[in-house]
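*Asks:* Got a file for you: run36.cif, mmCIF, C-alpha atoms and all ligand atoms.
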```
data_upload
loop_
_atom_site.group_PDB
_atom_site.id
_atom_site.type_symbol
_atom_site.label_atom_id
_atom_site.label_comp_id
_atom_site.auth_asym_id
_atom_site.auth_seq_id
_atom_site.Cartn_x
_atom_site.Cartn_y
_atom_site.Cartn_z
ATOM 1 C CA MET O 1 -15.480 -10.557 10.659
ATOM 2 C CA MET O 2 -14.722 -8.134 7.900
ATOM 3 C CA ASN O 3 -14.467 -5.207 10.262
ATOM 4 C CA ALA O 4 -12.289 -7.227 12.618
ATOM 5 C CA LEU O 5 -9.654 -7.803 9.951
ATOM 6 C CA PHE O 6 -9.692 -4.215 8.694
ATOM 7 C CA ASP O 7 -9.617 -2.941 12.281
ATOM 8 C CA VAL O 8 -6.556 -5.015 13.144
ATOM 9 C CA LEU O 9 -4.811 -3.794 9.992
ATOM 10 C CA TRP O 10 -5.806 -0.176 10.719
ATOM 11 C CA GLN O 11 -4.570 -0.242 14.326
ATOM 12 C CA ASP O 12 -1.254 -1.690 13.229
ATOM 13 C CA TYR O 13 -1.007 0.759 10.330
ATOM 14 C CA ILE O 14 -1.512 3.849 12.497
ATOM 15 C CA SER O 15 1.120 2.571 14.910
ATOM 16 C CA LEU O 16 3.564 2.702 11.980
ATOM 17 C CA ASN O 17 2.092 5.881 10.555
ATOM 18 C CA PRO O 18 0.410 8.152 13.138
ATOM 19 C CA GLN O 19 -0.068 10.676 10.287
ATOM 20 C CA ALA O 20 -3.020 8.616 9.118
ATOM 21 C CA GLU O 21 -4.813 9.239 12.403
ATOM 22 C CA SER O 22 -3.983 12.952 12.362
ATOM 23 C CA ILE O 23 -5.233 13.374 8.787
ATOM 24 C CA LYS O 24 -8.412 11.569 9.763
ATOM 25 C CA GLN O 25 -8.734 14.032 12.653
ATOM 26 C CA ILE O 26 -8.227 17.208 10.608
ATOM 27 C CA LEU O 27 -10.869 15.953 8.183
ATOM 28 C CA ALA O 28 -13.200 15.250 11.120
ATOM 29 C CA ASP O 29 -12.609 18.843 12.304
ATOM 30 C CA ARG O 30 -14.067 19.944 8.955
ATOM 31 C CA GLY O 31 -17.065 17.672 9.440
ATOM 32 C CA ASP O 32 -15.804 14.976 7.106
ATOM 33 C CA SER O 33 -15.365 11.316 7.947
ATOM 34 C CA ALA O 34 -12.673 9.309 6.186
ATOM 35 C CA VAL O 35 -13.988 6.396 4.148
ATOM 36 C CA ASN O 36 -11.427 3.815 3.036
ATOM 37 C CA ASP O 37 -11.147 3.355 -0.738
ATOM 38 C CA HIS O 38 -8.600 0.535 -0.624
ATOM 39 C CA ILE O 39 -5.782 -1.036 1.309
ATOM 40 C CA ALA O 40 -2.567 -2.389 -0.140
ATOM 41 C CA LEU O 41 -0.513 -5.388 0.905
ATOM 42 C CA ARG O 42 2.919 -6.451 -0.314
ATOM 43 C CA THR O 43 4.523 -9.850 -0.704
ATOM 44 C CA ILE O 44 6.972 -11.859 -2.802
ATOM 45 C CA ASN O 45 6.126 -14.583 -5.300
ATOM 46 C CA GLU O 46 7.069 -17.640 -3.244
ATOM 47 C CA LYS O 47 4.287 -20.198 -3.494
ATOM 48 C CA HIS O 48 3.451 -20.376 0.232
ATOM 49 C CA CYS O 49 3.100 -16.590 0.542
ATOM 50 C CA ASP O 50 2.130 -15.353 -2.928
ATOM 51 C CA ILE O 51 -0.800 -13.110 -3.864
ATOM 52 C CA ASP O 52 -3.262 -16.022 -3.656
ATOM 53 C CA GLN O 53 -2.244 -16.761 -0.066
ATOM 54 C CA LEU O 54 -2.701 -13.144 1.003
ATOM 55 C CA ALA O 55 -6.012 -12.971 -0.841
ATOM 56 C CA GLN O 56 -7.386 -16.007 1.013
ATOM 57 C CA PRO O 57 -8.867 -14.278 4.112
ATOM 58 C CA PHE O 58 -10.553 -11.723 1.851
ATOM 59 C CA ILE O 59 -11.960 -14.445 -0.436
ATOM 60 C CA GLU O 60 -13.416 -16.060 2.703
ATOM 61 C CA MET O 61 -15.167 -12.740 3.420
ATOM 62 C CA GLY O 62 -16.797 -12.733 -0.007
ATOM 63 C CA TYR O 63 -14.194 -10.810 -1.990
ATOM 64 C CA ALA O 64 -13.465 -11.787 -5.603
ATOM 65 C CA TYR O 65 -10.506 -11.155 -7.886
ATOM 66 C CA SER O 66 -10.814 -8.626 -10.655
ATOM 67 C CA ASP O 67 -9.548 -10.044 -13.964
ATOM 68 C CA THR O 68 -7.028 -7.251 -14.340
ATOM 69 C CA GLU O 69 -3.378 -8.059 -13.767
ATOM 70 C CA TYR O 70 -1.001 -5.165 -13.228
ATOM 71 C CA ILE O 71 2.627 -5.469 -14.285
ATOM 72 C CA PHE O 72 5.419 -3.124 -13.236
ATOM 73 C CA HIS O 73 8.476 -4.144 -15.250
ATOM 74 C CA GLU O 74 11.018 -1.730 -13.817
ATOM 75 C CA LYS O 75 10.097 -2.509 -10.220
ATOM 76 C CA HIS O 76 9.797 -6.271 -10.890
ATOM 77 C CA LEU O 77 6.262 -6.298 -9.491
ATOM 78 C CA ARG O 78 2.957 -7.834 -10.376
ATOM 79 C CA ALA O 79 -0.353 -7.044 -8.701
ATOM 80 C CA ARG O 80 -4.014 -8.026 -8.569
ATOM 81 C CA HIS O 81 -6.944 -6.515 -6.767
ATOM 82 C CA LEU O 82 -9.998 -7.913 -5.059
ATOM 83 C CA PHE O 83 -13.383 -6.314 -4.746
ATOM 84 C CA LYS O 84 -16.597 -6.723 -2.837
ATOM 85 C CA GLU O 85 -19.795 -4.691 -2.954
ATOM 86 C CA ALA O 86 -19.735 -1.676 -0.614
ATOM 87 C CA SER O 87 -16.310 -2.629 0.754
ATOM 88 C CA PRO O 88 -12.813 -1.221 0.337
ATOM 89 C CA LEU O 89 -10.810 -2.690 -2.540
ATOM 90 C CA VAL O 90 -7.784 -4.817 -1.652
ATOM 91 C CA PHE O 91 -4.679 -4.315 -3.802
ATOM 92 C CA ILE O 92 -1.999 -6.999 -3.441
ATOM 93 C CA SER O 93 1.353 -6.731 -5.158
ATOM 94 C CA SER O 94 4.191 -9.195 -5.330
ATOM 95 C CA LEU O 95 7.921 -8.868 -6.014
ATOM 96 C CA GLN O 96 9.188 -11.340 -8.632
ATOM 97 C CA LEU O 97 12.254 -12.981 -7.103
ATOM 98 C CA SER O 98 13.434 -14.387 -10.438
ATOM 99 C CA ASP O 99 13.903 -10.804 -11.671
ATOM 100 C CA LEU O 100 16.303 -9.957 -8.824
ATOM 101 C CA SER O 101 19.982 -10.714 -8.332
ATOM 102 C CA ALA O 102 20.699 -14.158 -6.876
ATOM 103 C CA GLN O 103 21.821 -12.489 -3.635
ATOM 104 C CA SER O 104 18.627 -10.449 -3.097
ATOM 105 C CA ALA O 105 16.435 -13.385 -4.107
ATOM 106 C CA LYS O 106 18.233 -15.582 -1.603
ATOM 107 C CA ILE O 107 17.890 -13.064 1.260
ATOM 108 C CA LEU O 108 14.137 -12.660 0.699
ATOM 109 C CA GLY O 109 13.557 -16.330 -0.044
ATOM 110 C CA SER O 110 15.193 -17.475 3.182
ATOM 111 C CA MET O 111 13.415 -14.819 5.251
ATOM 112 C CA VAL O 112 9.953 -16.087 4.346
ATOM 113 C CA GLU O 113 10.906 -19.763 4.592
ATOM 114 C CA GLY O 114 8.573 -21.512 7.026
ATOM 115 C CA HIS O 115 6.363 -18.433 7.497
ATOM 116 C CA LYS O 116 2.803 -18.435 6.215
ATOM 117 C CA PRO O 117 1.245 -14.985 5.862
ATOM 118 C CA ASP O 118 -1.173 -14.166 8.643
ATOM 119 C CA VAL O 119 -2.649 -10.721 8.081
ATOM 120 C CA MET O 120 -4.262 -10.785 11.525
ATOM 121 C CA SER O 121 -0.900 -11.017 13.245
ATOM 122 C CA CYS O 122 0.992 -7.974 12.174
ATOM 123 C CA ALA O 123 4.498 -8.460 13.536
ATOM 124 C CA ARG O 124 7.291 -9.408 11.156
ATOM 125 C CA PRO O 125 7.869 -13.130 11.838
ATOM 126 C CA TRP O 126 11.506 -13.257 10.710
ATOM 127 C CA GLU O 127 14.798 -11.712 11.718
ATOM 128 C CA CYS O 128 16.234 -9.090 9.408
ATOM 129 C CA SER O 129 19.622 -7.418 9.692
ATOM 130 C CA ILE O 130 20.405 -3.814 8.779
ATOM 131 C CA GLU O 131 23.007 -5.186 6.392
ATOM 132 C CA ASP O 132 20.429 -7.216 4.459
ATOM 133 C CA TYR O 133 17.917 -4.356 4.567
ATOM 134 C CA GLU O 134 20.431 -1.948 3.037
ATOM 135 C CA LEU O 135 21.573 -4.468 0.492
ATOM 136 C CA LEU O 136 18.007 -5.070 -0.659
ATOM 137 C CA GLN O 137 17.359 -1.343 -0.732
ATOM 138 C CA LYS O 138 20.014 -0.848 -3.403
ATOM 139 C CA GLU O 139 18.144 -3.175 -5.721
ATOM 140 C CA SER O 140 14.514 -2.862 -4.671
ATOM 141 C CA GLU O 141 13.080 -0.344 -2.214
ATOM 142 C CA TYR O 142 9.988 -2.530 -2.242
ATOM 143 C CA GLY O 143 12.011 -5.611 -1.299
ATOM 144 C CA ALA O 144 13.662 -3.742 1.581
ATOM 145 C CA TRP O 145 10.279 -2.496 2.829
ATOM 146 C CA PHE O 146 8.895 -6.021 2.717
ATOM 147 C CA ALA O 147 11.926 -7.423 4.574
ATOM 148 C CA ALA O 148 11.353 -4.872 7.350
ATOM 149 C CA PHE O 149 7.542 -4.978 7.622
ATOM 150 C CA ALA O 150 6.355 -8.238 6.056
ATOM 151 C CA TRP O 151 2.596 -8.407 5.445
ATOM 152 C CA ARG O 152 1.551 -5.340 7.428
ATOM 153 C CA ALA O 153 -0.803 -2.985 5.567
ATOM 154 C CA ASN O 154 1.279 -0.673 3.394
ATOM 155 C CA HIS O 155 -1.408 1.981 3.089
ATOM 156 C CA PHE O 156 -5.026 2.864 3.609
ATOM 157 C CA THR O 157 -6.661 5.292 1.193
ATOM 158 C CA ILE O 158 -9.021 8.180 1.780
ATOM 159 C CA ASP O 159 -11.950 8.117 -0.634
ATOM 160 C CA VAL O 160 -12.135 11.714 -1.902
ATOM 161 C CA ASN O 161 -15.596 11.104 -3.421
ATOM 162 C CA ALA O 162 -16.936 10.558 0.105
ATOM 163 C CA LEU O 163 -15.649 13.917 1.412
ATOM 164 C CA ASN O 164 -18.096 16.790 1.587
ATOM 165 C CA SER O 165 -15.685 19.603 2.314
ATOM 166 C CA PHE O 166 -13.530 19.030 -0.787
ATOM 167 C CA GLU O 167 -14.913 18.676 -4.262
ATOM 168 C CA HIS O 168 -11.650 17.657 -5.915
ATOM 169 C CA ILE O 169 -8.458 15.901 -4.898
ATOM 170 C CA ASP O 170 -6.561 19.011 -6.056
ATOM 171 C CA GLU O 171 -8.037 21.127 -3.221
ATOM 172 C CA LEU O 172 -7.394 18.356 -0.719
ATOM 173 C CA CYS O 173 -3.713 18.209 -1.735
ATOM 174 C CA VAL O 174 -3.301 21.991 -1.416
ATOM 175 C CA PHE O 175 -4.926 21.811 2.025
ATOM 176 C CA LEU O 176 -2.702 18.926 3.185
ATOM 177 C CA GLN O 177 0.454 20.686 2.018
ATOM 178 C CA ALA O 178 -0.624 23.865 3.812
ATOM 179 C CA GLN O 179 -1.001 21.703 6.942
ATOM 180 C CA GLY O 180 2.625 20.596 6.503
ATOM 181 C CA TYR O 181 2.158 17.121 5.027
ATOM 182 C CA GLN O 182 4.764 16.142 2.483
ATOM 183 C CA LEU O 183 3.227 14.628 -0.626
ATOM 184 C CA ASN O 184 4.844 12.240 -3.095
ATOM 185 C CA GLU O 185 5.800 14.327 -6.131
ATOM 186 C CA SER O 186 7.111 11.519 -8.328
ATOM 187 C CA GLY O 187 5.244 11.852 -11.617
ATOM 188 C CA GLY O 188 3.472 14.985 -10.290
ATOM 189 C CA ILE O 189 1.477 15.289 -7.070
ATOM 190 C CA ILE O 190 -1.695 13.966 -8.688
ATOM 191 C CA LYS O 191 -1.350 10.787 -10.688
ATOM 192 C CA GLY O 192 -3.861 9.779 -13.336
ATOM 193 C CA LEU O 193 -6.501 11.566 -15.375
ATOM 194 C CA GLU O 194 -10.224 11.978 -14.982
ATOM 195 C CA GLU O 195 -10.747 10.187 -18.320
ATOM 196 C CA GLN O 196 -8.860 7.175 -16.908
ATOM 197 C CA GLY O 197 -11.364 7.090 -14.060
ATOM 198 C CA LEU O 198 -8.954 7.601 -11.167
ATOM 199 C CA ARG O 199 -6.801 10.421 -9.819
ATOM 200 C CA GLN O 200 -4.560 9.617 -6.854
ATOM 201 C CA ALA O 201 -2.065 11.254 -4.526
ATOM 202 C CA SER O 202 -0.197 10.155 -1.425
ATOM 203 C CA THR O 203 1.899 11.407 1.440
ATOM 204 C CA MET O 204 5.538 10.404 1.652
ATOM 205 C CA ALA O 205 5.812 7.565 4.158
ATOM 206 C CA ALA O 206 6.356 8.451 7.806
ATOM 207 C CA ARG O 207 9.719 7.403 9.250
ATOM 208 C CA GLN O 208 10.245 5.347 12.363
ATOM 209 C CA VAL O 209 13.070 3.682 14.231
ATOM 210 C CA VAL O 210 12.759 -0.033 13.541
ATOM 211 C CA GLU O 211 14.469 -2.843 15.355
ATOM 212 C CA PHE O 212 16.715 -5.103 13.307
ATOM 213 C CA SER O 213 18.684 -8.149 14.457
ATOM 214 C CA ASP O 214 21.893 -6.086 14.569
ATOM 215 C CA GLY O 215 20.614 -2.694 15.743
ATOM 216 C CA GLU O 216 18.092 0.048 15.127
ATOM 217 C CA LEU O 217 17.575 2.132 12.026
ATOM 218 C CA GLU O 218 15.135 4.911 11.109
ATOM 219 C CA ILE O 219 13.369 3.947 7.889
ATOM 220 C CA PRO O 220 10.231 4.843 5.864
ATOM 221 C CA THR O 221 7.118 3.024 7.114
ATOM 222 C CA CYS O 222 3.656 3.615 5.638
ATOM 223 C CA TYR O 223 1.873 6.403 3.817
ATOM 224 C CA VAL O 224 -1.650 7.701 3.314
ATOM 225 C CA GLU O 225 -3.185 7.643 -0.138
ATOM 226 C CA PHE O 226 -6.060 9.722 -1.546
ATOM 227 C CA ALA O 227 -8.238 8.574 -4.434
ATOM 228 C CA GLN O 228 -10.880 10.332 -6.465
ATOM 229 C CA ARG O 229 -12.834 8.096 -8.796
ATOM 230 C CA TYR O 230 -14.860 9.065 -11.871
ATOM 231 C CA GLU O 231 -17.518 7.458 -13.993
ATOM 232 C CA ILE O 232 -16.428 5.491 -17.026
ATOM 233 C CA GLU O 233 -19.336 4.532 -19.290
ATOM 234 C CA GLY O 234 -21.813 5.424 -16.572
ATOM 235 C CA LYS O 235 -20.139 3.420 -13.781
ATOM 236 C CA ILE O 236 -17.687 4.540 -11.120
ATOM 237 C CA PHE O 237 -14.278 3.139 -12.085
ATOM 238 C CA ARG O 238 -13.193 0.622 -9.425
ATOM 239 C CA GLU O 239 -9.873 -0.572 -10.820
ATOM 240 C CA PHE O 240 -6.342 0.808 -10.701
ATOM 241 C CA ILE O 241 -4.066 2.517 -13.227
ATOM 242 C CA ALA O 242 -0.690 0.773 -13.438
ATOM 243 C CA ALA O 243 1.252 3.898 -14.476
ATOM 244 C CA SER O 244 -0.093 5.785 -11.451
ATOM 245 C CA ALA O 245 0.444 2.920 -9.009
ATOM 246 C CA ASP O 246 4.015 2.660 -10.292
ATOM 247 C CA LYS O 247 4.726 6.176 -8.968
ATOM 248 C CA ILE O 248 2.718 5.668 -5.770
ATOM 249 C CA PHE O 249 4.980 2.721 -4.857
ATOM 250 C CA GLU O 250 7.769 5.288 -4.506
ATOM 251 C CA SER O 251 6.068 6.812 -1.458
ATOM 252 C CA THR O 252 8.109 4.396 0.682
ATOM 253 C CA ASP O 253 11.462 5.195 -0.986
ATOM 254 C CA SER O 254 14.075 6.546 1.386
HETATM 255 NI NI NI B 301 -3.015 2.404 -3.312
#
```
Can you present the structure in this file as structure tokens?
*Replies:*
Amino acid sequence: MMNALFDVLWQDYISLNPQAESIKQILADRGDSAVNDHIALRTINEKHCDIDQLAQPFIEMGYAYSDTEYIFHEKHLRARHLFKEASPLVFISSLQLSDLSAQSAKILGSMVEGHKPDVMSCARPWECSIEDYELLQKESEYGAWFAAFAWRANHFTIDVNALNSFEHIDELCVFLQAQGYQLNESGGIIKGLEEQGLRQASTMAARQVVEFSDGELEIPTCYVEFAQRYEIEGKIFREFIAASADKIFESTDS
């Protein structure tokens, strides 16, 4: 069951971001297999599709919420994460409609009306126009991304600790750049410190032509993240760092 859900999300994700498959391949060529550290899903805080609704299928698989709540004031986001022994973490963020202009809140609110999140069915269930997409983009890149892609997986994450051919995320980033991958440089290529327990990096999202109700537009889709985790008080840190995640969100900015 668990693999079925992650497999569906992965297949959909690589259709939006074929880079993920190619990075997996170049790591395989070095004898490394990519282990997933976490996935991330996005939503808005309407009751029928809030974080709790998205978390539901994972709770049914035995996942539990961590107590930590992440708050991103400038981006009007909140997030939680779920964990399960020997399984990828699940990071779910949510855009706070009450923090947006009445116009943006109305566009997003009416899009999701009558649509329950179904992470197994990846297609966006609502119509979205280029006009609304661009309007949302001015206020919230996150909101625009969500309008275009709904509850599809925003990223998968390569667990750097599980790689044998790289000891540190720094070397991996140098290697990826030499291979021509563009990394997100907002806040520096590597976000976070060893003493915080987590250092992360990500590619800039791939771009793809997406169909809207009034035409086609090439827009940022999904990105690949890389995470190296460290021990804190004798245990591998399995949470997130809000200041780092704040910059990682910008990997889907246009
Ligand atoms: Ni992430």
*Asks:* Report the residues retrieved by the PyMOL selection byres (((chain O and resi 232) around 12) and not hetatm) from the displayed file, expressed as a PyMOL selection string.
*Replies:* chain O and resi 193-198+229-231+233-239
*Asks:* Suppose we keep C-alpha atoms; can you now write the selection as a short mmCIF file (atom, residue, chain, number, x, y, z; two decimals), keeping the file's coordinate frame?
*Replies:*
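As a result, out20.cif now contains:
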```cif
data_model
loop_
_atom_site.label_atom_id
_atom_site.label_comp_id
_atom_site.auth_asym_id
_atom_site.auth_seq_id
_atom_site.Cartn_x
_atom_site.Cartn_y
_atom_site.Cartn_z
CA LEU O 193 -6.50 11.57 -15.38
CA GLU O 194 -10.22 11.98 -14.98
CA GLU O 195 -10.75 10.19 -18.32
CA GLN O 196 -8.86 7.18 -16.91
CA GLY O 197 -11.36 7.09 -14.06
CA LEU O 198 -8.95 7.60 -11.17
CA ARG O 229 -12.83 8.10 -8.80
CA TYR O 230 -14.86 9.06 -11.87
CA GLU O 231 -17.52 7.46 -13.99
CA GLU O 233 -19.34 4.53 -19.29
CA GLY O 234 -21.81 5.42 -16.57
CA LYS O 235 -20.14 3.42 -13.78
CA ILE O 236 -17.69 4.54 -11.12
CA PHE O 237 -14.28 3.14 -12.08
CA ARG O 238 -13.19 0.62 -9.43
CA GLU O 239 -9.87 -0.57 -10.82
#
```
*Asks:* What does the PyMOL selection byres (((not hetatm)) within 7 of (chain B and resi 301)) select in this file, as a PyMOL selection string?
*Replies:* chain O and resi 38-40+91+155+157+225+245
*Asks:* Would you mind listing what lies within 12 Å of O:Leu172 as a ChimeraX atom specification, with all atoms listed in the file counted and same-chain residues fewer than 4 positions away left out?
*Replies:* /O:23,26-27,30,32,158-161,163-168,176-179,181,183,189-190,200-203,225-228
*Asks:* Deliver the residues from the most recent selection as a file, using C-alpha atoms, as an mmCIF file, in the coordinates of the input.
*Replies:*
```
data_model
loop_
_atom_site.group_PDB
_atom_site.id
_atom_site.type_symbol
_atom_site.label_atom_id
_atom_site.label_comp_id
_atom_site.auth_asym_id
_atom_site.auth_seq_id
_atom_site.Cartn_x
_atom_site.Cartn_y
_atom_site.Cartn_z
ATOM 1 C CA ILE O 23 -5.233 13.374 8.787
ATOM 2 C CA ILE O 26 -8.227 17.208 10.608
ATOM 3 C CA LEU O 27 -10.869 15.953 8.183
ATOM 4 C CA ARG O 30 -14.067 19.944 8.955
ATOM 5 C CA ASP O 32 -15.804 14.976 7.106
ATOM 6 C CA ILE O 158 -9.021 8.180 1.780
ATOM 7 C CA ASP O 159 -11.950 8.117 -0.634
ATOM 8 C CA VAL O 160 -12.135 11.714 -1.902
ATOM 9 C CA ASN O 161 -15.596 11.104 -3.421
ATOM 10 C CA LEU O 163 -15.649 13.917 1.412
ATOM 11 C CA ASN O 164 -18.096 16.790 1.587
ATOM 12 C CA SER O 165 -15.685 19.603 2.314
ATOM 13 C CA PHE O 166 -13.530 19.030 -0.787
ATOM 14 C CA GLU O 167 -14.913 18.676 -4.262
ATOM 15 C CA HIS O 168 -11.650 17.657 -5.915
ATOM 16 C CA LEU O 176 -2.702 18.926 3.185
ATOM 17 C CA GLN O 177 0.454 20.686 2.018
ATOM 18 C CA ALA O 178 -0.624 23.865 3.812
ATOM 19 C CA GLN O 179 -1.001 21.703 6.942
ATOM 20 C CA TYR O 181 2.158 17.121 5.027
ATOM 21 C CA LEU O 183 3.227 14.628 -0.626
ATOM 22 C CA ILE O 189 1.477 15.289 -7.070
ATOM 23 C CA ILE O 190 -1.695 13.966 -8.688
ATOM 24 C CA GLN O 200 -4.560 9.617 -6.854
ATOM 25 C CA ALA O 201 -2.065 11.254 -4.526
ATOM 26 C CA SER O 202 -0.197 10.155 -1.425
ATOM 27 C CA THR O 203 1.899 11.407 1.440
ATOM 28 C CA GLU O 225 -3.185 7.643 -0.138
ATOM 29 C CA PHE O 226 -6.060 9.722 -1.546
ATOM 30 C CA ALA O 227 -8.238 8.574 -4.434
ATOM 31 C CA GLN O 228 -10.880 10.332 -6.465
#
```
*Asks:* Step by step, work through what the PyMOL selection byres (((chain O and resi 126-135) around 12) and not hetatm) selects in the shown file, and finish by giving those residues as a PyMOL selection string.
*Replies:* chain O and resi 101+103-117+122-125+136-151+209-219+254
*Asks:* Could you check the closest approach to O:Ile169 for each of O:Asn154, O:Arg199, O:Ser66, O:Gln11 and tell me which residue wins, using only C-alpha atoms?
*Replies:*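 Ranking O:Asn154, O:Arg199, O:Ser66, O:Gln11 by distance to O:Ile169, first place goes to O:Arg199.
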